[in-house]
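Chemist: Got a file for you: run27.csv, CSV, C-alpha atoms.
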chain,number,residue,atom,x,y,z
C,1,MET,CA,0.0,0.0,0.0
C,2,SER,CA,2.7,2.4,0.9
C,3,PRO,CA,4.0,4.8,-0.2
C,4,LEU,CA,0.9,6.9,-1.0
C,5,ILE,CA,3.0,9.5,-2.6
C,6,THR,CA,6.1,8.6,-4.6
C,7,PRO,CA,8.7,11.3,-4.4
C,8,GLY,CA,10.4,12.3,-7.6
C,9,SER,CA,7.3,12.4,-9.7
C,10,GLU,CA,5.9,15.4,-11.6
C,11,PHE,CA,3.2,15.8,-8.9
C,12,ASP,CA,5.7,16.6,-6.2
C,13,LEU,CA,5.0,20.3,-6.3
C,14,LEU,CA,1.3,19.7,-6.4
C,15,TRP,CA,1.5,17.5,-3.3
C,16,ALA,CA,3.7,20.0,-1.5
C,17,PHE,CA,1.1,22.7,-2.3
C,18,ILE,CA,-1.8,20.6,-1.0
C,19,ILE,CA,0.1,19.6,2.2
C,20,GLY,CA,1.3,23.2,2.6
C,21,ILE,CA,-2.3,24.6,2.4
C,22,GLY,CA,-3.4,22.0,4.9
C,23,PHE,CA,-0.5,22.9,7.2
C,24,GLY,CA,-1.2,26.6,7.0
C,25,PHE,CA,-5.0,26.0,7.6
C,26,ILE,CA,-4.2,24.1,10.8
C,27,LEU,CA,-1.8,26.7,12.0
C,28,GLU,CA,-4.3,29.4,11.4
C,29,ALA,CA,-7.1,27.4,13.0
C,30,ALA,CA,-4.9,26.8,16.1
C,31,GLY,CA,-4.4,30.6,16.3
C,32,PHE,CA,-0.8,30.5,15.5
C,33,SER,CA,-1.0,33.5,13.2
C,34,THR,CA,-1.1,35.6,16.4
C,35,SER,CA,2.4,36.3,17.7
C,36,ARG,CA,1.2,36.8,21.2
C,37,LYS,CA,0.0,33.3,21.3
C,38,ILE,CA,3.4,31.9,20.4
C,39,VAL,CA,5.4,34.0,22.8
C,40,GLY,CA,2.7,33.3,25.5
C,41,LEU,CA,4.5,30.0,26.2
C,42,PHE,CA,7.7,31.9,27.1
C,43,TYR,CA,5.9,34.4,29.3
C,44,GLY,CA,3.7,31.7,30.8
C,45,TYR,CA,0.2,32.8,29.9
C,46,ASP,CA,-0.6,30.6,26.9
C,47,PHE,CA,0.2,27.0,26.4
C,48,THR,CA,-1.3,26.3,23.0
C,49,VAL,CA,2.1,25.9,21.4
C,50,ILE,CA,3.2,23.1,23.8
C,51,LYS,CA,-0.2,21.4,23.4
C,52,VAL,CA,-0.1,21.5,19.7
C,53,PHE,CA,3.5,20.2,19.4
C,54,PHE,CA,3.0,17.4,21.9
C,55,THR,CA,-0.2,16.4,20.2
C,56,ALA,CA,1.6,16.3,16.9
C,57,ALA,CA,4.5,14.3,18.3
C,58,VAL,CA,2.3,11.6,20.0
C,59,THR,CA,0.0,11.3,17.1
C,60,ALA,CA,2.8,10.9,14.6
C,61,SER,CA,4.9,8.5,16.8
C,62,THR,CA,2.0,6.2,17.8
C,63,GLY,CA,0.5,6.5,14.3
C,64,ILE,CA,3.7,5.6,12.5
C,65,LEU,CA,4.5,2.6,14.7
C,66,LEU,CA,0.9,1.4,14.6
C,67,PHE,CA,0.7,1.6,10.8
C,68,ASN,CA,4.1,-0.1,10.7
C,69,HIS,CA,2.6,-2.9,12.7
C,70,LEU,CA,-0.4,-3.2,10.4
C,71,GLY,CA,1.9,-3.1,7.3
C,72,TYR,CA,0.7,0.2,5.9
C,73,VAL,CA,3.9,2.1,6.6
C,74,ASP,CA,7.4,0.7,6.4
C,75,TYR,CA,9.1,2.1,9.5
C,76,GLY,CA,12.6,1.2,8.2
C,77,SER,CA,12.3,3.3,5.2
C,78,ILE,CA,11.4,6.5,7.0
C,79,TYR,CA,14.1,9.0,6.7
C,80,VAL,CA,15.5,10.1,10.1
C,81,PRO,CA,17.9,13.0,9.9
C,82,THR,CA,21.4,12.8,11.3
C,83,THR,CA,22.0,14.4,14.7
C,84,PHE,CA,24.7,17.0,14.8
C,85,LEU,CA,24.7,18.0,18.4
C,86,TRP,CA,26.4,21.3,18.7
C,87,PRO,CA,25.2,22.7,15.4
C,88,THR,CA,21.7,21.8,16.5
C,89,VAL,CA,22.2,23.6,19.8
C,90,VAL,CA,23.5,26.8,18.1
C,91,GLY,CA,20.7,26.6,15.5
C,92,GLY,CA,18.2,26.1,18.3
C,93,ILE,CA,19.4,29.2,20.1
C,94,PHE,CA,19.1,31.3,17.0
C,95,MET,CA,15.6,29.8,16.2
C,96,GLY,CA,14.5,30.4,19.8
C,97,LEU,CA,15.6,34.0,19.8
C,98,GLY,CA,13.9,34.6,16.5
C,99,PHE,CA,10.7,33.0,18.0
C,100,LEU,CA,10.9,35.3,21.0
C,101,ILE,CA,11.8,38.5,19.4
C,102,GLY,CA,9.5,38.2,16.4
C,103,GLY,CA,6.7,36.1,17.9
C,104,PHE,CA,6.6,33.7,14.9
C,105,CYS,CA,8.2,30.6,13.7
C,106,PRO,CA,9.0,30.4,10.0
C,107,GLY,CA,5.8,28.5,9.1
C,108,THR,CA,3.5,30.7,11.2
C,109,SER,CA,5.1,33.9,9.8
C,110,VAL,CA,4.2,32.9,6.3
C,111,CYS,CA,0.7,31.9,7.5
C,112,ALA,CA,0.3,35.3,9.2
C,113,ALA,CA,1.8,37.2,6.2
C,114,ALA,CA,-0.8,35.5,4.0
C,115,ILE,CA,-3.6,37.1,6.0
C,116,GLY,CA,-1.9,40.4,5.7
C,117,LYS,CA,-0.2,41.0,9.1
C,118,LEU,CA,2.5,43.6,8.8
C,119,ASP,CA,4.7,42.3,11.7
C,120,ALA,CA,4.7,38.9,9.9
C,121,LEU,CA,5.8,40.5,6.6
C,122,ALA,CA,8.7,42.1,8.5
C,123,PHE,CA,9.5,38.7,10.0
C,124,VAL,CA,9.5,37.1,6.6
C,125,GLY,CA,11.9,39.9,5.5
C,126,GLY,CA,14.0,38.9,8.4
C,127,ILE,CA,14.0,35.3,7.3
C,128,PHE,CA,15.4,36.3,4.0
C,129,GLY,CA,18.0,38.5,5.7
C,130,GLY,CA,19.0,35.5,7.8
C,131,ILE,CA,19.3,33.3,4.7
C,132,PHE,CA,21.5,36.0,3.1
C,133,PHE,CA,23.7,36.2,6.2
C,134,TYR,CA,24.1,32.5,6.4
C,135,THR,CA,24.9,32.2,2.7
C,136,MET,CA,27.5,35.0,2.8
C,137,SER,CA,29.2,33.7,6.0
C,138,PHE,CA,28.9,30.0,5.1
C,139,GLU,CA,32.5,29.4,4.2
C,140,THR,CA,33.9,31.4,7.1
C,141,LEU,CA,31.6,30.4,9.9
C,142,TRP,CA,29.5,27.4,9.1
C,143,MET,CA,31.0,25.1,6.6
C,144,GLU,CA,33.3,23.3,9.1
C,145,PHE,CA,31.0,23.7,12.1
C,146,ARG,CA,27.8,22.3,10.6
C,147,THR,CA,29.0,18.7,10.4
C,148,THR,CA,30.8,18.6,13.8
C,149,SER,CA,29.7,16.4,16.7
C,150,ASN,CA,27.9,13.9,14.4
C,151,LEU,CA,26.0,11.4,16.6
C,152,GLY,CA,24.6,9.6,13.6
C,153,VAL,CA,20.9,8.7,13.3
C,154,LEU,CA,19.8,9.0,16.9
C,155,GLN,CA,16.4,8.4,18.4
C,156,LEU,CA,15.3,8.8,22.0
C,157,SER,CA,14.9,5.0,22.3
C,158,ASP,CA,18.6,4.6,21.3
C,159,VAL,CA,19.7,7.2,23.9
C,160,PHE,CA,17.8,5.4,26.7
C,161,GLY,CA,18.4,2.0,25.4
C,162,LEU,CA,14.7,1.1,25.4
C,163,PRO,CA,12.5,-0.6,22.8
C,164,LEU,CA,10.8,1.9,20.6
C,165,GLY,CA,7.3,1.0,21.8
C,166,VAL,CA,8.2,1.5,25.5
C,167,MET,CA,9.7,4.8,24.6
C,168,ILE,CA,6.5,5.9,23.0
C,169,LEU,CA,4.5,4.7,26.0
C,170,ILE,CA,6.7,6.8,28.3
C,171,PHE,CA,6.4,9.8,25.9
C,172,SER,CA,2.6,9.5,25.8
C,173,VAL,CA,2.4,9.4,29.6
C,174,PHE,CA,4.7,12.3,29.8
C,175,SER,CA,2.6,14.4,27.3
C,176,ILE,CA,-0.6,13.6,29.2
C,177,ILE,CA,1.0,14.8,32.4
C,178,THR,CA,2.2,17.9,30.7
C,179,PHE,CA,-1.3,18.6,29.4
C,180,VAL,CA,-2.8,18.2,32.8
C,181,VAL,CA,-0.1,20.4,34.4
C,182,VAL,CA,-0.4,23.3,31.9
C,183,SER,CA,-4.2,23.2,32.1
C,184,LYS,CA,-3.9,23.6,35.9
C,185,ILE,CA,-1.5,26.6,35.4
C,186,LYS,CA,-3.8,28.1,32.8
C,187,GLN,CA,-6.8,28.0,35.2
C,188,ASN,CA,-4.9,30.2,37.7
C,189,ILE,CA,-4.0,32.8,35.1
C,190,LYS,CA,-6.4,35.6,34.2
C,191,ASN,CA,-7.4,35.8,30.5
C,192,VAL,CA,-5.1,37.8,28.3
C,193,GLU,CA,-6.5,39.8,25.5
C,194,TYR,CA,-5.0,39.0,22.1
Y,1,MET,CA,-15.0,18.7,27.3
Y,2,GLN,CA,-13.5,16.8,30.3
Y,3,VAL,CA,-15.1,13.6,29.0
Y,4,ARG,CA,-13.6,14.0,25.6
Y,5,LYS,CA,-10.1,14.7,27.0
Y,6,THR,CA,-10.3,11.6,29.2
Y,7,PHE,CA,-11.4,9.6,26.2
Y,8,PHE,CA,-8.5,10.7,24.0
Y,9,ALA,CA,-6.0,10.2,26.8
Y,10,THR,CA,-7.3,6.6,27.3
Y,11,VAL,CA,-7.1,5.8,23.6
Y,12,LEU,CA,-3.6,7.2,23.5
Y,13,ILE,CA,-2.5,5.1,26.5
Y,14,ALA,CA,-4.2,2.0,25.1
Y,15,ILE,CA,-2.4,2.3,21.8
Y,16,SER,CA,0.9,3.1,23.5
Y,17,LEU,CA,0.6,0.1,25.8
Y,18,PHE,CA,-0.1,-2.2,22.8
Y,19,LEU,CA,2.9,-0.8,21.0
Y,20,ALA,CA,5.1,-1.2,24.1
Y,21,PHE,CA,3.9,-4.7,24.7
Y,22,THR,CA,4.5,-5.8,21.1
Y,23,SER,CA,8.0,-4.2,20.9
Y,24,VAL,CA,9.0,-6.0,24.1
Y,25,PHE,CA,7.5,-9.4,23.6
Y,26,VAL,CA,7.3,-9.7,19.8
Y,27,PRO,CA,10.7,-8.3,18.8
Y,28,ASN,CA,11.1,-8.3,15.1
Y,29,ASN,CA,14.7,-8.2,14.3
Y,30,GLU,CA,14.3,-9.4,10.7
Y,31,ILE,CA,15.4,-6.9,8.2
Y,32,GLU,CA,13.2,-7.0,5.1
Y,33,PRO,CA,15.2,-7.6,1.9
Y,34,GLU,CA,14.0,-4.3,0.5
Y,35,ASN,CA,15.3,-2.4,3.6
Y,36,LEU,CA,18.6,-4.2,3.5
Y,37,VAL,CA,19.1,-3.1,-0.1
Y,38,ARG,CA,18.0,0.4,0.8
Y,39,THR,CA,20.4,0.5,3.7
Y,40,LEU,CA,23.3,-0.7,1.6
Y,41,GLU,CA,22.5,1.8,-1.1
Y,42,ARG,CA,22.7,4.7,1.2
Y,43,ASN,CA,25.5,7.0,0.5
Y,44,GLU,CA,26.4,7.4,4.1
Y,45,ASN,CA,27.6,3.8,4.3
Y,46,TYR,CA,30.5,4.6,2.1
Y,47,TYR,CA,33.8,6.2,2.8
Y,48,SER,CA,35.7,7.6,-0.2
Y,49,VAL,CA,39.4,6.7,-0.4
Y,50,ASP,CA,40.0,10.4,0.2
Y,51,LYS,CA,38.1,10.4,3.4
Y,52,VAL,CA,40.0,7.3,4.6
Y,53,ALA,CA,43.3,8.9,3.6
Y,54,GLU,CA,42.4,12.1,5.4
Y,55,GLN,CA,41.4,10.3,8.6
Y,56,LEU,CA,44.5,8.2,8.5
Y,57,ILE,CA,46.8,11.2,8.1
Y,58,SER,CA,45.0,13.1,10.9
Y,59,ASN,CA,45.2,9.9,13.1
Y,60,ASP,CA,41.4,9.9,13.6
Y,61,PRO,CA,41.0,7.8,16.7
Y,62,LEU,CA,37.6,6.6,15.7
Y,63,LEU,CA,38.6,5.0,12.4
Y,64,GLN,CA,39.0,1.3,12.4
Y,65,LEU,CA,40.0,-0.3,9.1
Y,66,VAL,CA,39.1,-3.9,8.5
Y,67,ASP,CA,40.7,-5.7,5.7
Y,68,VAL,CA,38.4,-8.5,4.6
Y,69,ARG,CA,40.8,-10.1,2.1
Y,70,SER,CA,42.7,-13.3,2.8
Y,71,GLU,CA,45.5,-13.5,5.2
Y,72,GLU,CA,47.9,-14.0,2.4
Y,73,GLU,CA,46.8,-10.9,0.5
Y,74,PHE,CA,46.8,-8.9,3.8
Y,75,SER,CA,50.4,-9.8,4.6
Y,76,LYS,CA,51.5,-8.6,1.2
Y,77,PHE,CA,49.9,-5.1,1.4
Y,78,SER,CA,47.4,-3.4,3.7
Y,79,LEU,CA,46.5,0.0,4.8
Y,80,PRO,CA,48.2,1.4,7.9
Y,81,GLY,CA,46.5,0.3,11.1
Y,82,ALA,CA,44.2,-2.1,9.4
Y,83,VAL,CA,43.2,-5.4,11.0
Y,84,ASN,CA,42.7,-8.5,9.0
Y,85,VAL,CA,39.3,-10.2,9.3
Y,86,PRO,CA,38.9,-12.5,6.3
Y,87,LEU,CA,35.3,-12.6,5.1
Y,88,GLY,CA,34.8,-16.2,6.2
Y,89,LYS,CA,35.8,-15.3,9.7
Y,90,LEU,CA,33.6,-12.2,10.0
Y,91,LEU,CA,31.2,-13.6,12.5
Y,92,ASP,CA,33.9,-15.5,14.6
Y,93,GLU,CA,33.8,-14.7,18.3
Y,94,ALA,CA,37.4,-13.3,18.1
Y,95,ASN,CA,36.4,-10.7,15.6
Y,96,GLN,CA,33.2,-9.4,17.3
Y,97,ASP,CA,35.2,-6.6,18.8
Y,98,TYR,CA,35.8,-5.1,15.4
Y,99,VAL,CA,32.4,-5.7,13.7
Y,100,ASN,CA,29.9,-5.6,16.5
Y,101,GLN,CA,30.7,-2.5,18.5
Y,102,GLU,CA,29.4,1.0,18.9
Y,103,VAL,CA,32.5,3.1,19.5
Y,104,TYR,CA,34.6,3.0,16.3
Y,105,ASN,CA,33.7,3.6,12.7
Y,106,THR,CA,34.6,0.3,11.2
Y,107,VAL,CA,35.5,0.6,7.5
Y,108,PHE,CA,35.6,-2.6,5.5
Y,109,TYR,CA,37.8,-2.8,2.4
Y,110,SER,CA,38.9,-5.4,-0.1
Y,111,ASN,CA,40.5,-5.2,-3.5
Y,112,GLY,CA,37.4,-3.9,-5.2
Y,113,SER,CA,34.1,-3.3,-3.5
Y,114,THR,CA,32.4,-6.7,-3.6
Y,115,ASP,CA,33.9,-8.5,-0.6
Y,116,ALA,CA,33.6,-5.4,1.6
Y,117,MET,CA,30.0,-5.0,0.4
Y,118,VAL,CA,29.3,-8.6,1.4
Y,119,ALA,CA,30.9,-7.9,4.8
Y,120,LEU,CA,28.7,-4.8,5.3
Y,121,MET,CA,25.6,-6.8,4.2
Y,122,VAL,CA,26.2,-9.6,6.7
Y,123,ALA,CA,27.0,-7.0,9.4
Y,124,THR,CA,23.8,-5.0,8.6
Y,125,ARG,CA,21.7,-8.2,8.5
Y,126,LYS,CA,23.0,-9.0,12.0
Y,127,GLY,CA,22.0,-5.6,13.2
Y,128,TYR,CA,25.6,-4.4,13.8
Y,129,LYS,CA,26.2,-0.7,13.8
Y,130,ASN,CA,28.9,1.7,12.7
Y,131,ASN,CA,30.0,-0.3,9.8
Y,132,TYR,CA,31.0,1.2,6.5
Y,133,ILE,CA,32.9,0.3,3.4
Y,134,MET,CA,35.6,2.0,1.4
Y,135,ARG,CA,34.2,2.7,-2.0
Y,136,GLY,CA,36.3,1.2,-4.8
Y,137,GLY,CA,38.6,-0.7,-2.3
Y,138,LEU,CA,42.3,-0.9,-2.7
Y,139,ASN,CA,42.1,-0.6,-6.5
Y,140,GLU,CA,40.7,2.9,-6.1
Y,141,TRP,CA,43.2,3.6,-3.3
Y,142,VAL,CA,46.1,2.9,-5.7
Y,143,GLU,CA,44.5,4.8,-8.5
Y,144,LYS,CA,43.6,7.9,-6.6
Y,145,ILE,CA,45.9,8.1,-3.6
Y,146,LEU,CA,49.1,6.4,-4.7
Y,147,ARG,CA,49.0,7.6,-8.3
Y,148,PRO,CA,46.8,10.6,-8.4
Y,149,LYS,CA,45.9,12.2,-11.7
Y,150,TYR,CA,44.3,15.5,-12.4
Y,151,GLU,CA,40.6,14.9,-13.0
Y,152,GLY,CA,38.1,17.1,-14.7
Y,153,ASN,CA,38.4,20.8,-15.4
Y,154,PHE,CA,40.9,23.1,-13.8
Y,155,ASP,CA,39.1,24.7,-11.0
Y,156,VAL,CA,39.4,25.4,-7.3
Y,157,VAL,CA,37.7,22.2,-6.2
Y,158,ASN,CA,39.6,19.8,-8.4
Y,159,ASP,CA,42.8,21.7,-7.7
Y,160,GLU,CA,42.3,21.3,-3.9
Y,161,LEU,CA,41.5,17.6,-4.3
Y,162,TYR,CA,44.5,17.1,-6.5
Y,163,GLN,CA,46.8,18.9,-4.1
Y,164,PHE,CA,45.4,16.8,-1.2
Y,165,ARG,CA,46.0,13.6,-3.1
Y,166,LYS,CA,49.5,14.6,-4.0
Y,167,GLY,CA,50.1,15.2,-0.3
Y,168,ALA,CA,48.5,11.9,0.6
Y,169,GLN,CA,50.6,10.2,-2.1
Y,170,ALA,CA,53.8,11.4,-0.4
Y,171,TYR,CA,52.5,10.5,3.0
Y,172,PHE,CA,51.6,6.9,2.0
Y,173,GLY,CA,54.7,6.5,-0.1
Y,174,GLY,CA,53.1,6.2,-3.5
Y,175,GLY,CA,54.4,7.6,-6.7
Y,176,SER,CA,58.2,7.5,-6.9
Y,177,ALA,CA,58.4,5.3,-3.8
Y,178,THR,CA,57.4,1.7,-4.4
Y,179,PRO,CA,54.0,0.9,-3.0
Y,180,ALA,CA,54.6,-2.1,-0.7
Y,181,ALA,CA,52.9,-4.6,-3.0
Y,182,ASP,CA,49.4,-3.5,-3.8
Y,183,ALA,CA,46.9,-5.5,-5.6
Y,184,SER,CA,46.8,-3.8,-9.0
Y,185,ALA,CA,50.4,-2.5,-9.1
Y,186,PRO,CA,52.3,-3.8,-12.1
Y,187,LYS,CA,54.1,-6.9,-11.1
Y,188,PRO,CA,57.8,-7.0,-11.5
Y,189,LYS,CA,58.6,-8.2,-14.9
Y,190,LYS,CA,59.8,-11.8,-15.1
Y,191,LYS,CA,63.4,-12.2,-16.0
Y,192,ALA,CA,63.7,-13.2,-19.5
Y,193,VAL,CA,64.9,-16.8,-19.7
Y,194,LYS,CA,68.2,-16.9,-21.5
Y,195,ARG,CA,68.5,-19.6,-24.1
Y,196,GLU,CA,71.6,-21.6,-24.0
Y,197,LYS,CA,73.7,-21.1,-27.0
Y,198,LYS,CA,73.8,-24.1,-29.1
Y,199,ALA,CA,77.0,-25.2,-30.4
Y,200,VAL,CA,77.4,-24.4,-33.9
Y,201,SER,CA,77.1,-27.4,-35.9
Y,202,GLY,CA,77.7,-28.1,-39.5
Y,203,GLY,CA,79.1,-25.6,-41.9
Y,204,CYS,CA,82.7,-24.9,-42.2
Y,205,GLY,CA,83.3,-25.1,-38.3
Please express the file's structure as structure tokens.
Modeler:
Amino acid sequence: MSPLITPGSEFDLLWAFIIGIGFGFILEAAGFSTSRKIVGLFYGYDFTVIKVFFTAAVTASTGILLFNHLGYVDYGSIYVPTTFLWPTVVGGIFMGLGFLIGGFCPGTSVCAAAIGKLDALAFVGGIFGGIFFYTMSFETLWMEFRTTSNLGVLQLSDVFGLPLGVMILIFSVFSIITFVVVSKIKQNIKNVEY
Amino acid sequence: MQVRKTFFATVLIAISLFLAFTSVFVPNNEIEPENLVRTLERNENYYSVDKVAEQLISNDPLLQLVDVRSEEEFSKFSLPGAVNVPLGKLLDEANQDYVNQEVYNTVFYSNGSTDAMVALMVATRKGYKNNYIMRGGLNEWVEKILRPKYEGNFDVVNDELYQFRKGAQAYFGGGSATPAADASAPKPKKKAVKREKKAVSGGCG
């Protein structure tokens, strides 16, 4: 049955377009085109981001393993990117700062720019500025660094030495606990106007 | 709202429990043939001869070269620091430290690529990690490192590569120095057998 979509065909861009529209729609529906909602997690008054990301992670992980079990998806052929520890940490810091200062992530900024938000347009401009900076400083700053501390294809289950299914169970329990905790916190916070 | 949340949480835990149970009690270590082929095809399983040379020169502590040719061939010529694990003895208990470990990057090599490929296939099938092969084997090593030629157009990239290979050639003693006795190097010419002169017979003597 799998794969549903064969990469490398002439329909690639069409699929990307359809998936992109779906992704944008979900982001907008979750309220992610509002920058206050995204930085709310940092300031501790809105936990939508954490809920959406944890939901996405548990749905995807249980779904993929379950489908693998039923023979719809071939787990072994799913591409898992290589972990470059320090480059990822540095990239994460840049990304986090961008999130915090601009109030968007790359995806949500495009989403918000599409509905005409000016701050999002400025953010998208910043993205291109960042791409330009990275390109121009690639040889001097990043070329060597980006492939250092290569840990190979690494998953949480490898790190803890647990079977994949057990890791997913732990992660699911952890996300439910997180959901409960953030809901309790949210109850004690007065509503913030967006 | 509360009921719905509890319902989803219960479903999630039920599915996760099922997955955890099956992954503990029904372990499936078999690698599907398709996956095996795909794994072997992956570019990241290969070390180029340049990469091996670079890591040898820089004394990379993680590099472990494993020569899968016969003991006889190994004794004639091998790469510096390589250990000999003939293909037939790959799974022997004594060799497990080389092929089934998670510290070093084990790079198999043979004359060409075939035997090294077989070694990688067996290791992958056994679920061993950190195993790679040197693309092109010793034949390519001789061709590119011990006797480098300028390839392609004259540009910065090719020039750097060529300069690196020339350096590596000097380091590994190729070129003017005689490579110890590598597989595809021309063998010393056999001495011509001298024919004994026959005594002249007949004629006027």
Chemist: List as a short mmCIF file (atom, residue, chain, number, x, y, z; two decimals) with C-alpha atoms, in the coordinates of the input: which residues have an atom within 12 Å of (8.1, 34.7, 11.2), counting all atoms listed in the file?
Modeler:
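Below you can see selection-v2.cif, which holds the result:
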data_model
loop_
_atom_site.label_atom_id
_atom_site.label_comp_id
_atom_site.auth_asym_id
_atom_site.auth_seq_id
_atom_site.Cartn_x
_atom_site.Cartn_y
_atom_site.Cartn_z
CA PHE C 32 -0.80 30.50 15.50
CA SER C 33 -1.00 33.50 13.20
CA THR C 34 -1.10 35.60 16.40
CA SER C 35 2.40 36.30 17.70
CA ILE C 38 3.40 31.90 20.40
CA VAL C 39 5.40 34.00 22.80
CA MET C 95 15.60 29.80 16.20
CA GLY C 96 14.50 30.40 19.80
CA LEU C 97 15.60 34.00 19.80
CA GLY C 98 13.90 34.60 16.50
CA PHE C 99 10.70 33.00 18.00
CA LEU C 100 10.90 35.30 21.00
CA ILE C 101 11.80 38.50 19.40
CA GLY C 102 9.50 38.20 16.40
CA GLY C 103 6.70 36.10 17.90
CA PHE C 104 6.60 33.70 14.90
CA CYS C 105 8.20 30.60 13.70
CA PRO C 106 9.00 30.40 10.00
CA GLY C 107 5.80 28.50 9.10
CA THR C 108 3.50 30.70 11.20
CA SER C 109 5.10 33.90 9.80
CA VAL C 110 4.20 32.90 6.30
CA CYS C 111 0.70 31.90 7.50
CA ALA C 112 0.30 35.30 9.20
CA ALA C 113 1.80 37.20 6.20
CA ALA C 114 -0.80 35.50 4.00
CA LYS C 117 -0.20 41.00 9.10
CA LEU C 118 2.50 43.60 8.80
CA ASP C 119 4.70 42.30 11.70
CA ALA C 120 4.70 38.90 9.90
CA LEU C 121 5.80 40.50 6.60
CA ALA C 122 8.70 42.10 8.50
CA PHE C 123 9.50 38.70 10.00
CA VAL C 124 9.50 37.10 6.60
CA GLY C 125 11.90 39.90 5.50
CA GLY C 126 14.00 38.90 8.40
CA ILE C 127 14.00 35.30 7.30
CA PHE C 128 15.40 36.30 4.00
CA GLY C 129 18.00 38.50 5.70
CA GLY C 130 19.00 35.50 7.80
#
Chemist: Taking only C-alpha atoms into account and nothing else, which residues of chain C lie no more than 7 Å away from chain Y? Please answer as a list in words.
Modeler: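 Listing them in order of chain and number gives Thr62, Gly76, Ser77, Pro163, Leu164, Gly165, Val166, Ile168, Leu169, Ser172 and Ile176 of chain C.
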Chemist: Leaving out segment 164-173 of chain Y and any residue of its chain fewer than 4 positions from it, which residues lie within 12 Å of it when counting only C-alpha atoms, given as an MDAnalysis selection string?
Modeler: chainID Y and resid 49:58 78:80 141:151 157:160 177:182
Chemist: Calculate how many Å separate atom CA of Ile26 of chain C from atom CA of Val52 of chain C, rounding to one decimal.
Modeler: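 These atoms are spaced 10.1 Å apart.
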Chemist: Can you work out the spacing between atom CA of Leu14 of chain C and atom CA of Asp74 of chain C in Å, to one decimal?
Modeler: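 A separation of 23.7 Å between them.
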Chemist: As an exercise, work out the distance from atom CA of Met121 of chain Y to atom CA of Phe160 of chain C in Å and give it to one decimal place.
Modeler: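 Atom CA of Met121 of chain Y sits 26.8 Å away from atom CA of Phe160 of chain C.
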Chemist: Could you give me, as a PyMOL selection string, the residues within 8 Å of Trp86 of chain C, counting only C-alpha atoms and dropping anything in the same chain fewer than 3 positions from it?
Modeler: chain C and resi 89-90+148-149
Chemist: Print the selection's residues with C-alpha atoms to a file, as a CSV table (one decimal), in the frame of the given file.
Modeler:
chain,number,residue,atom,x,y,z
C,89,VAL,CA,22.2,23.6,19.8
C,90,VAL,CA,23.5,26.8,18.1
C,148,THR,CA,30.8,18.6,13.8
C,149,SER,CA,29.7,16.4,16.7
Chemist: Hey, what's within 8 Å of Glu71 of chain Y if we count all atoms listed in the file and toss same-chain stuff fewer than 4 positions away? As an MDAnalysis selection string, please?
Modeler: chainID Y and resid 75 84 86
Chemist: Smallest atom-to-atom distance to Glu140 of chain Y: which of Y:Gly127, Y:Pro61, Y:Pro33, Y:Gly112, using all atoms listed in the file?
Modeler: Y:Gly112
Chemist: When distances are computed from all atoms listed in the file, which of Y:Asn100, Y:Thr106, Y:Asn111, Y:Asn139 shows the smallest separation from Gly81 of chain Y?
Modeler: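 Smallest distance to Gly81 of chain Y is found for Y:Thr106.
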Chemist: Could I see segment 23-30 of chain C restored to N, CA, C and O atoms, set down as a PDB file, in the coordinates of the input?
Modeler:
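The new file out.pdb reads:
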ATOM      1  N   PHE C  23      -1.374  22.493   6.110  1.00  0.00           N
ATOM      2  CA  PHE C  23      -0.500  22.900   7.200  1.00  0.00           C
ATOM      3  C   PHE C  23      -0.873  24.307   7.683  1.00  0.00           C
ATOM      4  O   PHE C  23      -1.103  24.580   8.861  1.00  0.00           O
ATOM      5  N   GLY C  24      -0.928  25.201   6.694  1.00  0.00           N
ATOM      6  CA  GLY C  24      -1.200  26.600   7.000  1.00  0.00           C
ATOM      7  C   GLY C  24      -2.620  26.737   7.598  1.00  0.00           C
ATOM      8  O   GLY C  24      -2.816  27.516   8.546  1.00  0.00           O
ATOM      9  N   PHE C  25      -3.579  25.941   7.082  1.00  0.00           N
ATOM     10  CA  PHE C  25      -5.000  26.000   7.600  1.00  0.00           C
ATOM     11  C   PHE C  25      -4.989  25.616   9.074  1.00  0.00           C
ATOM     12  O   PHE C  25      -5.620  26.278   9.896  1.00  0.00           O
ATOM     13  N   ILE C  26      -4.269  24.529   9.404  1.00  0.00           N
ATOM     14  CA  ILE C  26      -4.200  24.100  10.800  1.00  0.00           C
ATOM     15  C   ILE C  26      -3.576  25.086  11.701  1.00  0.00           C
ATOM     16  O   ILE C  26      -4.061  25.380  12.805  1.00  0.00           O
ATOM     17  N   LEU C  27      -2.467  25.670  11.221  1.00  0.00           N
ATOM     18  CA  LEU C  27      -1.800  26.700  12.000  1.00  0.00           C
ATOM     19  C   LEU C  27      -2.702  27.868  12.307  1.00  0.00           C
ATOM     20  O   LEU C  27      -2.802  28.345  13.443  1.00  0.00           O
ATOM     21  N   GLU C  28      -3.402  28.296  11.251  1.00  0.00           N
ATOM     22  CA  GLU C  28      -4.300  29.400  11.400  1.00  0.00           C
ATOM     23  C   GLU C  28      -5.459  29.063  12.350  1.00  0.00           C
ATOM     24  O   GLU C  28      -5.834  29.833  13.231  1.00  0.00           O
ATOM     25  N   ALA C  29      -5.987  27.836  12.190  1.00  0.00           N
ATOM     26  CA  ALA C  29      -7.100  27.400  13.000  1.00  0.00           C
ATOM     27  C   ALA C  29      -6.680  27.302  14.495  1.00  0.00           C
ATOM     28  O   ALA C  29      -7.476  27.550  15.397  1.00  0.00           O
ATOM     29  N   ALA C  30      -5.395  26.953  14.739  1.00  0.00           N
ATOM     30  CA  ALA C  30      -4.900  26.800  16.100  1.00  0.00           C
ATOM     31  C   ALA C  30      -4.580  28.211  16.689  1.00  0.00           C
ATOM     32  O   ALA C  30      -4.203  28.310  17.852  1.00  0.00           O
TER      33      ALA C  30
END
